[in-house]
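Note: the block below is final05.cif and it holds mmCIF, C-alpha atoms.
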```cif
data_query
#
loop_
_atom_site.label_atom_id
_atom_site.label_comp_id
_atom_site.auth_asym_id
_atom_site.auth_seq_id
_atom_site.Cartn_x
_atom_site.Cartn_y
_atom_site.Cartn_z
CA MET A 1 -9.17 205.22 41.45
CA GLN A 2 -8.65 208.91 40.80
CA GLU A 3 -11.61 211.09 39.99
CA PRO A 4 -11.43 212.03 36.28
CA SER A 5 -11.18 215.74 35.58
CA ALA A 6 -14.35 217.73 35.04
CA TYR A 7 -13.01 218.72 31.62
CA LEU A 8 -12.56 215.10 30.55
CA LEU A 9 -16.07 214.24 31.72
CA ALA A 10 -17.50 217.26 29.94
CA CYS A 11 -15.79 216.20 26.69
CA CYS A 12 -17.15 212.68 27.09
CA ARG A 13 -20.61 214.09 27.71
CA GLN A 14 -20.34 216.02 24.46
CA GLY A 15 -19.65 212.74 22.65
CA ASP A 16 -15.89 213.04 22.13
CA THR A 17 -14.78 209.45 21.60
CA GLN A 18 -11.09 210.23 22.09
CA SER A 19 -11.81 211.61 25.54
CA PHE A 20 -13.92 208.57 26.27
CA ALA A 21 -11.00 206.36 25.23
CA GLN A 22 -8.88 208.23 27.81
CA LEU A 23 -11.56 207.72 30.42
CA VAL A 24 -11.76 204.00 29.63
CA ALA A 25 -7.98 203.69 29.89
CA SER A 26 -7.96 205.36 33.30
CA VAL A 27 -10.76 203.33 34.89
CA GLN A 28 -10.78 199.92 33.22
CA THR A 29 -8.20 198.26 35.47
CA TYR A 30 -10.00 199.28 38.66
CA ILE A 31 -13.45 198.30 37.57
CA TYR A 32 -12.17 195.08 36.03
CA ASN A 33 -10.63 194.06 39.36
CA LEU A 34 -13.80 194.91 41.24
CA ALA A 35 -15.85 193.00 38.67
CA TYR A 36 -13.47 190.05 38.84
CA ARG A 37 -13.58 189.98 42.64
CA LEU A 38 -17.34 190.10 42.54
CA LEU A 39 -17.91 187.52 39.82
CA ARG A 40 -14.75 185.42 40.27
CA ASP A 41 -14.69 184.61 36.58
CA GLU A 42 -12.47 186.28 34.02
CA ASP A 43 -14.84 186.12 31.06
CA GLU A 44 -17.80 187.25 33.10
CA ALA A 45 -15.76 190.12 34.51
CA HIS A 46 -14.78 191.23 31.00
CA ASP A 47 -18.37 191.10 29.84
CA LEU A 48 -19.45 193.08 32.88
CA VAL A 49 -16.79 195.76 32.38
CA GLN A 50 -17.75 196.09 28.73
CA ASP A 51 -21.40 196.39 29.68
CA VAL A 52 -20.60 198.97 32.34
CA LEU A 53 -18.47 201.10 30.02
CA LEU A 54 -21.15 201.05 27.34
CA ARG A 55 -23.69 202.18 29.89
CA VAL A 56 -21.35 204.91 31.04
CA TRP A 57 -21.12 206.16 27.46
CA GLN A 58 -24.88 206.07 27.05
CA MET A 59 -25.74 207.53 30.43
CA LEU A 60 -23.05 210.19 30.82
CA PRO A 61 -25.25 212.93 29.35
CA THR A 62 -27.78 212.28 32.13
CA PHE A 63 -25.15 212.07 34.88
CA ARG A 64 -26.09 215.07 37.00
CA GLY A 65 -22.97 215.13 39.11
CA GLU A 66 -24.88 214.76 42.36
CA SER A 67 -22.31 212.20 43.46
CA ARG A 68 -18.68 211.76 42.46
CA PHE A 69 -18.19 210.11 39.08
CA THR A 70 -16.15 207.28 40.62
CA THR A 71 -18.94 206.58 43.13
CA TRP A 72 -21.47 206.50 40.30
CA LEU A 73 -19.21 204.20 38.31
CA TYR A 74 -18.57 201.81 41.19
CA ARG A 75 -22.29 201.73 41.93
CA LEU A 76 -22.91 200.81 38.32
CA VAL A 77 -20.37 197.98 38.54
CA VAL A 78 -21.81 196.70 41.82
CA ASN A 79 -25.43 196.82 40.74
CA LEU A 80 -24.89 195.31 37.31
CA GLY A 81 -22.42 192.86 38.84
CA LEU A 82 -24.90 191.64 41.44
CA ASN A 83 -27.52 191.18 38.75
CA ARG A 84 -25.05 189.24 36.66
CA LEU A 85 -23.88 187.22 39.64
CA ALA A 86 -27.42 186.09 40.31
CA TYR A 87 -27.69 185.05 36.67
CA VAL A 88 -24.33 183.28 36.72
CA ARG A 89 -25.23 181.42 39.91
CA ARG A 90 -28.42 180.23 38.39
CA ARG A 91 -26.62 179.11 35.29
CA ALA A 92 -23.72 177.23 36.81
CA SER A 93 -21.57 176.91 39.89
CA LEU A 94 -18.48 179.11 40.05
CA GLY A 95 -15.08 177.60 39.39
CA PRO A 96 -11.74 178.02 41.13
CA THR A 97 -10.14 181.43 40.84
CA ASP A 98 -7.31 183.77 41.44
CA GLU A 99 -4.45 182.54 39.25
CA ARG A 100 -4.25 185.88 37.45
CA LEU A 101 -4.35 187.99 40.60
CA ALA A 102 -1.82 185.74 42.29
CA ALA A 103 0.38 185.96 39.21
CA ALA A 104 0.12 189.75 39.29
CA ALA A 105 1.19 189.70 42.91
CA THR A 106 4.31 187.62 42.54
CA GLY A 107 6.43 190.55 41.46
CA LEU A 108 6.11 192.29 44.82
CA ALA A 109 8.81 190.42 46.75
CA ALA A 110 12.40 189.98 45.69
CA ASP A 111 13.55 186.80 47.42
CA PRO A 112 12.21 183.54 45.83
CA GLN A 113 11.24 182.18 49.23
CA GLU A 114 9.50 185.46 50.03
CA ILE A 115 7.76 185.32 46.68
CA HIS A 116 6.58 181.83 47.48
CA ASP A 117 5.40 182.77 50.97
CA ALA A 118 3.79 186.00 49.88
CA THR A 119 2.00 184.27 47.03
CA GLU A 120 0.89 181.45 49.26
CA LEU A 121 -0.44 183.84 51.89
CA ARG A 122 -2.09 186.03 49.29
CA GLN A 123 -3.77 183.07 47.67
CA MET A 124 -4.86 181.83 51.04
CA VAL A 125 -6.30 185.19 52.05
CA TRP A 126 -8.07 185.84 48.76
CA ARG A 127 -9.43 182.30 48.75
CA GLU A 128 -10.94 183.05 52.13
CA VAL A 129 -12.23 186.39 50.84
CA ASP A 130 -13.88 184.57 47.94
CA ALA A 131 -15.61 182.31 50.42
CA LEU A 132 -17.23 185.26 52.21
CA PRO A 133 -20.84 186.28 51.52
CA ASP A 134 -21.24 188.81 48.70
CA LYS A 135 -21.83 191.82 50.93
CA TYR A 136 -18.66 191.22 52.94
CA ARG A 137 -16.60 190.44 49.85
CA LEU A 138 -17.73 193.67 48.25
CA VAL A 139 -16.85 195.76 51.29
CA ILE A 140 -13.42 194.10 51.61
CA THR A 141 -12.68 194.64 47.92
CA LEU A 142 -13.79 198.26 47.95
CA TYR A 143 -11.90 199.05 51.14
CA TYR A 144 -8.61 197.33 50.46
CA GLN A 145 -8.31 196.88 46.72
CA GLN A 146 -10.09 200.02 45.54
CA GLU A 147 -8.99 202.10 48.56
CA CYS A 148 -12.44 203.57 49.12
CA SER A 149 -13.26 205.30 52.41
CA TYR A 150 -16.13 204.19 54.64
CA GLN A 151 -18.21 207.07 53.30
CA GLU A 152 -17.50 206.19 49.68
CA ILE A 153 -18.41 202.55 50.29
CA ALA A 154 -21.60 203.67 52.00
CA ASP A 155 -22.44 205.80 48.96
CA ILE A 156 -21.63 203.05 46.50
CA LEU A 157 -23.56 200.32 48.29
CA GLN A 158 -26.26 202.73 49.49
CA LEU A 159 -25.85 201.57 53.05
CA PRO A 160 -25.49 203.52 56.30
CA ILE A 161 -21.86 204.15 57.18
CA ASN A 162 -22.16 202.19 60.44
CA THR A 163 -23.41 199.18 58.49
CA VAL A 164 -20.35 199.42 56.29
CA LYS A 165 -18.09 199.49 59.37
CA THR A 166 -19.89 196.48 60.82
CA HIS A 167 -19.66 194.57 57.52
CA LEU A 168 -15.95 195.27 57.32
CA ALA A 169 -15.39 194.25 60.94
CA ARG A 170 -17.37 191.03 60.50
CA ALA A 171 -15.51 190.23 57.31
CA ARG A 172 -12.13 190.81 58.99
CA HIS A 173 -13.23 188.83 62.01
CA ALA A 174 -14.31 185.91 59.84
CA LEU A 175 -11.11 186.02 57.80
CA ALA A 176 -8.85 186.21 60.85
CA SER A 177 -10.73 183.40 62.59
CA ARG A 178 -10.38 181.15 59.56
CA LEU A 179 -6.77 182.10 58.94
CA ALA A 180 -5.78 181.65 62.58
CA ASN A 181 -7.34 178.18 62.52
CA ILE A 182 -5.67 177.04 59.31
CA GLU A 183 -3.04 174.45 60.09
CA GLY A 184 0.52 175.52 59.31
CA VAL A 185 -0.43 179.11 58.63
CA ASP A 186 1.92 180.31 61.37
CA ASP A 187 4.85 179.43 59.11
CA VAL A 188 3.59 181.93 56.57
CA LEU A 189 2.35 184.71 58.89
CA MET B 1 -12.28 191.67 78.93
CA SER B 2 -13.36 188.49 77.15
CA CYS B 3 -11.54 186.99 74.17
CA GLU B 4 -14.56 187.51 71.94
CA ARG B 5 -14.75 191.19 72.93
CA VAL B 6 -11.04 191.66 72.24
CA ARG B 7 -11.31 190.01 68.82
CA TRP B 8 -14.32 192.11 67.88
CA LEU B 9 -12.53 195.31 68.91
CA LEU B 10 -9.50 194.29 66.88
CA SER B 11 -11.74 193.56 63.87
CA LEU B 12 -13.42 196.94 64.15
CA ASP B 13 -10.25 198.93 63.72
CA PRO B 14 -8.37 198.17 60.48
CA THR B 15 -5.74 200.82 61.14
CA GLY B 16 -5.14 199.76 64.74
CA ALA B 17 -4.72 203.41 65.69
CA GLU B 18 -7.64 203.55 68.09
CA LEU B 19 -6.65 200.42 69.98
CA ALA B 20 -2.97 201.15 70.46
CA HIS B 21 -3.66 203.02 73.70
CA ASP B 22 -6.25 200.62 75.10
CA ALA B 23 -4.45 199.30 78.21
CA ALA B 24 -6.99 196.58 78.99
CA LEU B 25 -6.82 195.22 75.46
CA CYS B 26 -3.03 195.27 75.41
CA ALA B 27 -2.92 193.49 78.76
CA HIS B 28 -5.26 190.81 77.43
CA LEU B 29 -3.12 190.34 74.33
CA ASP B 30 -0.02 189.97 76.53
CA ARG B 31 -1.45 186.99 78.32
CA CYS B 32 -3.69 185.32 75.66
CA ASP B 33 -1.92 183.31 72.94
CA ARG B 34 -5.04 182.69 70.89
CA CYS B 35 -5.99 186.37 70.74
CA ARG B 36 -2.40 187.22 69.82
CA ALA B 37 -2.62 184.71 66.97
CA PHE B 38 -5.88 186.34 65.95
CA ALA B 39 -4.27 189.80 65.98
CA ARG B 40 -1.35 188.46 63.94
CA ALA B 41 -3.75 186.96 61.41
CA LEU B 42 -5.57 190.30 61.17
CA ALA B 43 -2.30 192.13 60.55
CA ALA B 44 -1.37 189.63 57.85
CA ILE B 45 -4.78 190.04 56.23
CA ASP B 46 -4.50 193.81 56.28
CA SER B 47 -1.05 193.87 54.73
CA THR B 48 -1.94 191.23 52.15
CA LEU B 49 -5.15 192.86 51.05
CA ALA B 50 -3.64 196.34 51.12
CA ALA B 51 -0.91 195.21 48.71
CA ARG B 52 -3.83 195.13 46.24
CA PRO B 53 -2.32 193.53 43.17
CA LEU B 54 -4.39 194.66 40.23
CA ALA B 55 -4.77 192.30 37.31
CA GLU B 56 -4.85 193.98 33.91
CA PRO B 57 -7.88 193.39 31.74
CA ARG B 58 -7.39 191.93 28.29
CA PRO B 59 -5.87 194.38 25.81
CA ASP B 60 -8.83 194.00 23.45
CA LEU B 61 -11.29 195.32 26.05
CA ALA B 62 -10.93 199.05 25.34
CA PRO B 63 -11.00 198.70 21.51
CA ALA B 64 -14.09 196.50 21.78
CA VAL B 65 -15.85 199.10 23.93
CA LEU B 66 -14.86 201.96 21.64
CA ALA B 67 -16.09 200.04 18.60
CA ALA B 68 -19.37 199.24 20.31
CA ILE B 69 -20.15 202.82 21.34
CA GLN B 70 -20.34 203.88 17.71
CA GLN B 71 -23.50 201.82 17.34
CA ARG B 72 -25.17 202.77 20.61
CA PRO B 73 -27.56 205.71 20.88
CA ARG B 74 -26.91 208.03 23.78
CA ALA B 75 -29.30 209.43 26.33
CA THR B 76 -30.26 213.05 25.77
CA ILE B 77 -30.19 215.86 28.28
CA GLY B 78 -33.42 217.50 29.32
CA GLN B 79 -35.56 216.27 26.43
CA PRO B 80 -36.66 212.79 27.28
CA PHE B 81 -40.10 213.59 25.86
CA PRO B 82 -40.56 214.01 22.07
CA ARG B 83 -40.33 217.63 21.01
CA PRO B 84 -43.60 217.60 18.94
CA PHE B 85 -45.51 216.44 22.01
CA LEU B 86 -44.12 219.27 24.11
CA VAL B 87 -45.02 221.82 21.40
CA LEU B 88 -48.56 220.40 21.22
CA ALA B 89 -48.94 220.54 25.00
CA ALA B 90 -47.71 224.14 25.10
CA THR B 91 -50.06 225.15 22.26
CA LEU B 92 -53.05 223.52 23.93
CA THR B 93 -52.26 225.22 27.21
CA LEU B 94 -51.92 228.60 25.55
CA PHE B 95 -55.15 228.08 23.61
CA ALA B 96 -56.96 227.06 26.79
CA LEU B 97 -55.72 230.10 28.68
CA VAL B 98 -56.60 232.57 25.89
CA SER B 99 -60.03 231.06 25.20
CA GLY B 100 -60.77 230.94 28.93
CA ALA B 101 -59.89 234.60 29.30
CA LEU B 102 -62.03 235.52 26.27
CA LEU B 103 -65.00 233.55 27.54
CA LEU B 104 -64.71 235.24 30.91
CA HIS B 105 -64.63 238.64 29.21
CA VAL B 106 -67.62 237.89 26.97
CA SER B 107 -69.72 236.37 29.71
CA ALA B 108 -69.14 239.18 32.19
CA THR B 109 -72.44 240.92 32.87
CA ALA B 110 -73.18 243.94 35.00
CA TRP B 111 -74.77 243.66 38.41
CA PRO B 112 -77.71 243.79 38.72
CA PRO B 113 -78.75 242.24 35.37
CA SER B 114 -81.83 244.41 34.75
CA ALA B 115 -82.15 247.00 37.46
CA GLY B 116 -80.06 249.61 39.25
CA PRO B 117 -78.95 249.18 42.84
CA ALA B 118 -81.61 251.37 44.32
CA GLU B 119 -84.37 249.58 42.45
CA LEU B 120 -82.95 246.26 43.49
CA TRP B 121 -83.17 246.95 47.16
CA LEU B 122 -86.61 248.36 46.76
CA ASN B 123 -87.73 245.41 44.65
CA PRO B 124 -89.29 242.80 46.92
CA SER B 125 -88.34 239.96 44.53
CA TRP B 126 -84.58 240.73 44.54
CA PRO B 127 -83.43 237.50 46.14
CA ALA B 128 -84.90 235.55 43.24
CA SER B 129 -83.26 237.88 40.72
CA ALA B 130 -79.91 237.61 42.45
CA SER B 131 -80.16 233.85 42.53
CA ALA B 132 -80.94 233.68 38.81
CA TRP B 133 -78.02 236.01 38.06
CA LEU B 134 -75.67 233.89 40.13
CA SER B 135 -76.65 230.66 38.38
CA VAL B 136 -76.09 232.24 34.94
CA GLU B 137 -72.70 233.56 36.05
CA ALA B 138 -71.74 230.18 37.46
CA GLU B 139 -72.49 228.54 34.11
CA HIS B 140 -70.39 231.13 32.32
CA ALA B 141 -67.56 230.66 34.78
CA ALA B 142 -67.72 226.90 34.31
CA GLU B 143 -67.49 227.34 30.55
CA ALA B 144 -64.46 229.55 30.97
CA ILE B 145 -62.71 227.52 33.64
CA LEU B 146 -63.08 224.17 31.93
CA PRO B 147 -60.59 224.84 29.10
CA ILE B 148 -58.14 226.32 31.59
CA VAL B 149 -58.35 223.27 33.81
CA ILE B 150 -58.00 220.92 30.84
CA GLY B 151 -54.97 222.85 29.62
CA LEU B 152 -53.35 222.76 33.05
CA VAL B 153 -54.04 219.03 33.42
CA ILE B 154 -52.43 218.34 30.03
CA THR B 155 -49.41 220.41 30.99
CA VAL B 156 -49.03 218.72 34.38
CA VAL B 157 -49.41 215.24 32.88
CA ALA B 158 -46.87 216.02 30.16
CA ALA B 159 -44.41 217.41 32.70
CA ALA B 160 -44.88 214.46 35.05
CA ALA B 161 -44.41 211.98 32.21
CA GLY B 162 -41.34 213.87 31.08
CA PHE B 163 -39.81 213.80 34.55
CA ARG B 164 -40.62 210.14 34.90
CA VAL B 165 -38.88 209.28 31.63
CA SER B 166 -35.95 211.46 32.69
CA ASP B 167 -35.74 209.69 36.04
CA ARG B 168 -35.81 206.33 34.32
CA HIS B 169 -32.86 207.41 32.17
CA GLU B 170 -30.96 208.45 35.30
CA ALA B 171 -32.00 205.35 37.24
CA ALA B 172 -30.67 203.13 34.48
CA GLY B 173 -27.30 204.09 35.89
CA GLN B 174 -28.41 202.53 39.17
CA PRO B 175 -30.38 199.53 38.04
CA ALA B 176 -31.06 197.73 41.27
CA ARG B 177 -30.53 198.12 44.96
CA PRO B 178 -27.70 195.89 46.09
CA ARG B 179 -28.76 192.95 48.18
CA ARG B 180 -27.92 193.28 51.85
#
```

This structure in C-alpha cells:
Amino acid sequence: MQEPSAYLLACCRQGDTQSFAQLVASVQTYIYNLAYRLLRDEDEAHDLVQDVLLRVWQMLPTFRGESRFTTWLYRLVVNLGLNRLAYVRRRASLGPTDERLAAAATGLAADPQEIHDATELRQMVWREVDALPDKYRLVITLYYQQECSYQEIADILQLPINTVKTHLARARHALASRLANIEGVDDVL
Amino acid sequence: MSCERVRWLLSLDPTGAELAHDAALCAHLDRCDRCRAFARALAAIDSTLAARPLAEPRPDLAPAVLAAIQQRPRATIGQPFPRPFLVLAATLTLFALVSGALLLHVSATAWPPSAGPAELWLNPSWPASASAWLSVEAEHAAEAILPIVIGLVITVVAAAAGFRVSDRHEAAGQPARPRR
C-alpha cells in the first residue's frame, strides 16, 4: 500500500470528506484483504474495515505522524482485528474460506490447465496459511500480500525485528513441511 | 550439515539471495531428495503468496463509511480538556501567584524587629528576640506560600489530566497490544 500524500492527510485532518473518500478508495482493498486474512470471514472483514475507517476518520486529528500513516493504519486493523477475532472465536467456530481470493487469482494464468493448477496450488497454500497460528498468519500476510518490510511488520505488530524474522521463518518452515508432505503435491509444484 | 539445519536456513531466507553462495548447503541439496522437495515447496509457497491476489471489498463499503462519518464526532487537537476548566485553572494559578506575592510584600518586616544592629549584639537577650522574629516570619511565609502551592498543584493536576485524556485519544488508535 502506498503512503498517502501529506496533503491528502492534511485535508482529511481538516474534515474534508471528499479527501477522506479518496483516502478510503486508496486503502480499502489492502486493509480489507488483511482483515479477511485475519478473520477468514467476509462479513466480519467488512465490518472490521468499516470500523477501522470510522476510527481513522475520528482519530486522524490526533494522529501525530510519529509513525507512517500506513503503519498506523495496519496497526489499527491488526489490533481491532485481533479483538474481533477473539470475539468471533468465542461466538462460533470459523467456516471454510478462500473462494473469493481464489476466484480473484484465477485470472493470472492463461492456459486452462495452468489456471487449474495455479488455483489448486494457491488454494492449497492459503488453506495451509489459514491453519497457521494467528501470529504467523499475520506475518505471512503482511510480508507477502501487503508487501511490508521486516521493519514495517515489526512496527505494526510492535515486535522486535528479529522476532518478526523468526516468525516468518517458522511460518515458511511449517508451510513447506506440510506442503512437501501432501500427497500428490509434486504434480502441482 | 543436518537436514533440519538446512531446512531452517532455507526458511530463514525468503529471497534465497544469502544462501545461493553457501557451498555446504548446495552440496547437501544435491544429495538429499527430501530437502530438495522442501526447497521446491518453499519456492512454490513464495511465488504463490507473492502473486498476492487481492479481493475487492463490496462496492457499498465506501459509501457506507462516508455516510457513517457524518454522524460521528471527531477527536480534537490539543484541547482534550474542556476550555472553561482550563480558564478556571489559569485564573486560580494567577490569583494564587499574585496574592502570594502581595502577602510576602505585606508581611516583610525589617531585621531586627525592634532594635538596631548594634543594640542587638549588645542586648543579652538577642537569641530569644531572633527566635521570635523567625517564628513570625515563618508563619507569614507559610501564609504566602500556601496559595502558591495550591495554585501550582491545581495547574499540574489539570495539565496531567489533560495529557492523560490526550493520550487516551491517541491510544484509541492502538487499542490493544497484539497477542504474541

Given a cut-off of 6 Å, which residues of chain A touch chain B, counting only C-alpha atoms, written out as a list in words?
Thr29, Gln50, Gln58, Met59, Pro61, Thr62, Leu76, Asn79, Leu101, Ala104, Ala105, Arg122, Tyr144, Gln145, Ala169, Arg172, His173, Ala176 and Ala180 of chain A

What would the file look like if the residues just selected were written as an mmCIF file, in the coordinates of the input with C-alpha atoms?
```
data_model
loop_
_atom_site.group_PDB
_atom_site.id
_atom_site.type_symbol
_atom_site.label_atom_id
_atom_site.label_comp_id
_atom_site.auth_asym_id
_atom_site.auth_seq_id
_atom_site.Cartn_x
_atom_site.Cartn_y
_atom_site.Cartn_z
ATOM 1 C CA THR A 29 -8.200 198.260 35.470
ATOM 2 C CA GLN A 50 -17.750 196.090 28.730
ATOM 3 C CA GLN A 58 -24.880 206.070 27.050
ATOM 4 C CA MET A 59 -25.740 207.530 30.430
ATOM 5 C CA PRO A 61 -25.250 212.930 29.350
ATOM 6 C CA THR A 62 -27.780 212.280 32.130
ATOM 7 C CA LEU A 76 -22.910 200.810 38.320
ATOM 8 C CA ASN A 79 -25.430 196.820 40.740
ATOM 9 C CA LEU A 101 -4.350 187.990 40.600
ATOM 10 C CA ALA A 104 0.120 189.750 39.290
ATOM 11 C CA ALA A 105 1.190 189.700 42.910
ATOM 12 C CA ARG A 122 -2.090 186.030 49.290
ATOM 13 C CA TYR A 144 -8.610 197.330 50.460
ATOM 14 C CA GLN A 145 -8.310 196.880 46.720
ATOM 15 C CA ALA A 169 -15.390 194.250 60.940
ATOM 16 C CA ARG A 172 -12.130 190.810 58.990
ATOM 17 C CA HIS A 173 -13.230 188.830 62.010
ATOM 18 C CA ALA A 176 -8.850 186.210 60.850
ATOM 19 C CA ALA A 180 -5.780 181.650 62.580
#
```

Using only the atoms of stretch 68-87 of chain A listed in the file, plus 4 Å on each side, state the axis-aligned box centre and edge lengths in Å rounded to one decimal, as AutoDock Vina command-line options.
```
--center_x -21.9 --center_y 198.4 --center_z 39.9 --size_x 19.5 --size_y 34.7 --size_z 14.5
```

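Within the 12 Å cut-off around stretch 90-95 of chain B, using all atoms listed in the file and omitting residues fewer than 2 positions from it on the same chain, the listed residues are Arg83, Pro84, Phe85, Leu86, Val87, Leu88, Leu97, Val98, Ser99, Gly100, Ala101, Leu102, Leu103, Ala144, Leu146, Pro147, Ile148, Val149, Ile150, Gly151, Leu152, Val153, Ile154, Thr155, Val156, Val157, Ala158 and Ala159 of chain B.
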
Find the distance between atom CA of A:Arg13 and atom CA of A:Met1 and write it in Å to one decimal.
20.0 Å

Kindly give the distance, in Å, that separates atom CA of A:Cys12 and atom CA of A:Phe63, rounded to a single decimal.
11.2 Å

As an exercise, work out the distance from atom CA of A:Gln146 to atom CA of A:Ala86 in Å and give it to one decimal place.
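Computing it gives 22.8 Å between the two atoms.
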
Return as a VMD selection string the set of residues that the PyMOL selection byres ((chain A and resi 42) around 10) yields on the displayed structure.
(chain A and resid 32 to 33 35 to 37 39 to 41 43 to 48 97 to 98 100) or (chain B and resid 57 to 58)

Give me the residues within 10 Å of A:Arg68 as a list in words, counting all atoms listed in the file and dropping any in the same chain fewer than 3 places off.
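The residues satisfying every condition are Glu3, Pro4, Phe63, Arg64, Gly65, Thr71, Trp72, Leu73, Glu152 and Asp155 of chain A.
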
A:Ala171: which residues within 10 Å, counting only C-alpha atoms, same-chain residues fewer than 2 positions away excluded, as number ranges by chain?
A: 128-129, 132-133, 135-140, 165-169, 173-177; B: 11-12

Output of the PyMOL selection byres ((chain B and resi 28) around 12), listed as JSON, numbers by chain:
{"B": [1, 2, 3, 4, 5, 6, 7, 10, 22, 23, 24, 25, 26, 27, 29, 30, 31, 32, 33, 34, 35, 36, 39]}

For the residues in that selection, give me C-alpha atoms as a PDB file, keeping the file's coordinate frame.
```pdb
ATOM      1  CA  MET B   1     -12.280 191.670  78.930  1.00  0.00           C
ATOM      2  CA  SER B   2     -13.360 188.490  77.150  1.00  0.00           C
ATOM      3  CA  CYS B   3     -11.540 186.990  74.170  1.00  0.00           C
ATOM      4  CA  GLU B   4     -14.560 187.510  71.940  1.00  0.00           C
ATOM      5  CA  ARG B   5     -14.750 191.190  72.930  1.00  0.00           C
ATOM      6  CA  VAL B   6     -11.040 191.660  72.240  1.00  0.00           C
ATOM      7  CA  ARG B   7     -11.310 190.010  68.820  1.00  0.00           C
ATOM      8  CA  LEU B  10      -9.500 194.290  66.880  1.00  0.00           C
ATOM      9  CA  ASP B  22      -6.250 200.620  75.100  1.00  0.00           C
ATOM     10  CA  ALA B  23      -4.450 199.300  78.210  1.00  0.00           C
ATOM     11  CA  ALA B  24      -6.990 196.580  78.990  1.00  0.00           C
ATOM     12  CA  LEU B  25      -6.820 195.220  75.460  1.00  0.00           C
ATOM     13  CA  CYS B  26      -3.030 195.270  75.410  1.00  0.00           C
ATOM     14  CA  ALA B  27      -2.920 193.490  78.760  1.00  0.00           C
ATOM     15  CA  LEU B  29      -3.120 190.340  74.330  1.00  0.00           C
ATOM     16  CA  ASP B  30      -0.020 189.970  76.530  1.00  0.00           C
ATOM     17  CA  ARG B  31      -1.450 186.990  78.320  1.00  0.00           C
ATOM     18  CA  CYS B  32      -3.690 185.320  75.660  1.00  0.00           C
ATOM     19  CA  ASP B  33      -1.920 183.310  72.940  1.00  0.00           C
ATOM     20  CA  ARG B  34      -5.040 182.690  70.890  1.00  0.00           C
ATOM     21  CA  CYS B  35      -5.990 186.370  70.740  1.00  0.00           C
ATOM     22  CA  ARG B  36      -2.400 187.220  69.820  1.00  0.00           C
ATOM     23  CA  ALA B  39      -4.270 189.800  65.980  1.00  0.00           C
TER      24      ALA B  39
END
```

Which residue gives the smallest distance to A:Tyr74 among A:Gln2, A:Ser19, A:Ile31, A:Thr141, with only C-alpha atoms counted?
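So, comparing all the options, the nearest one is A:Ile31.
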
Go through A:Thr70, A:Gln28, A:Ser149, A:Thr119 and flag the residue nearest A:Leu9, using all atoms listed in the file for the distances.
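Result for the nearest residue to A:Leu9: A:Thr70.
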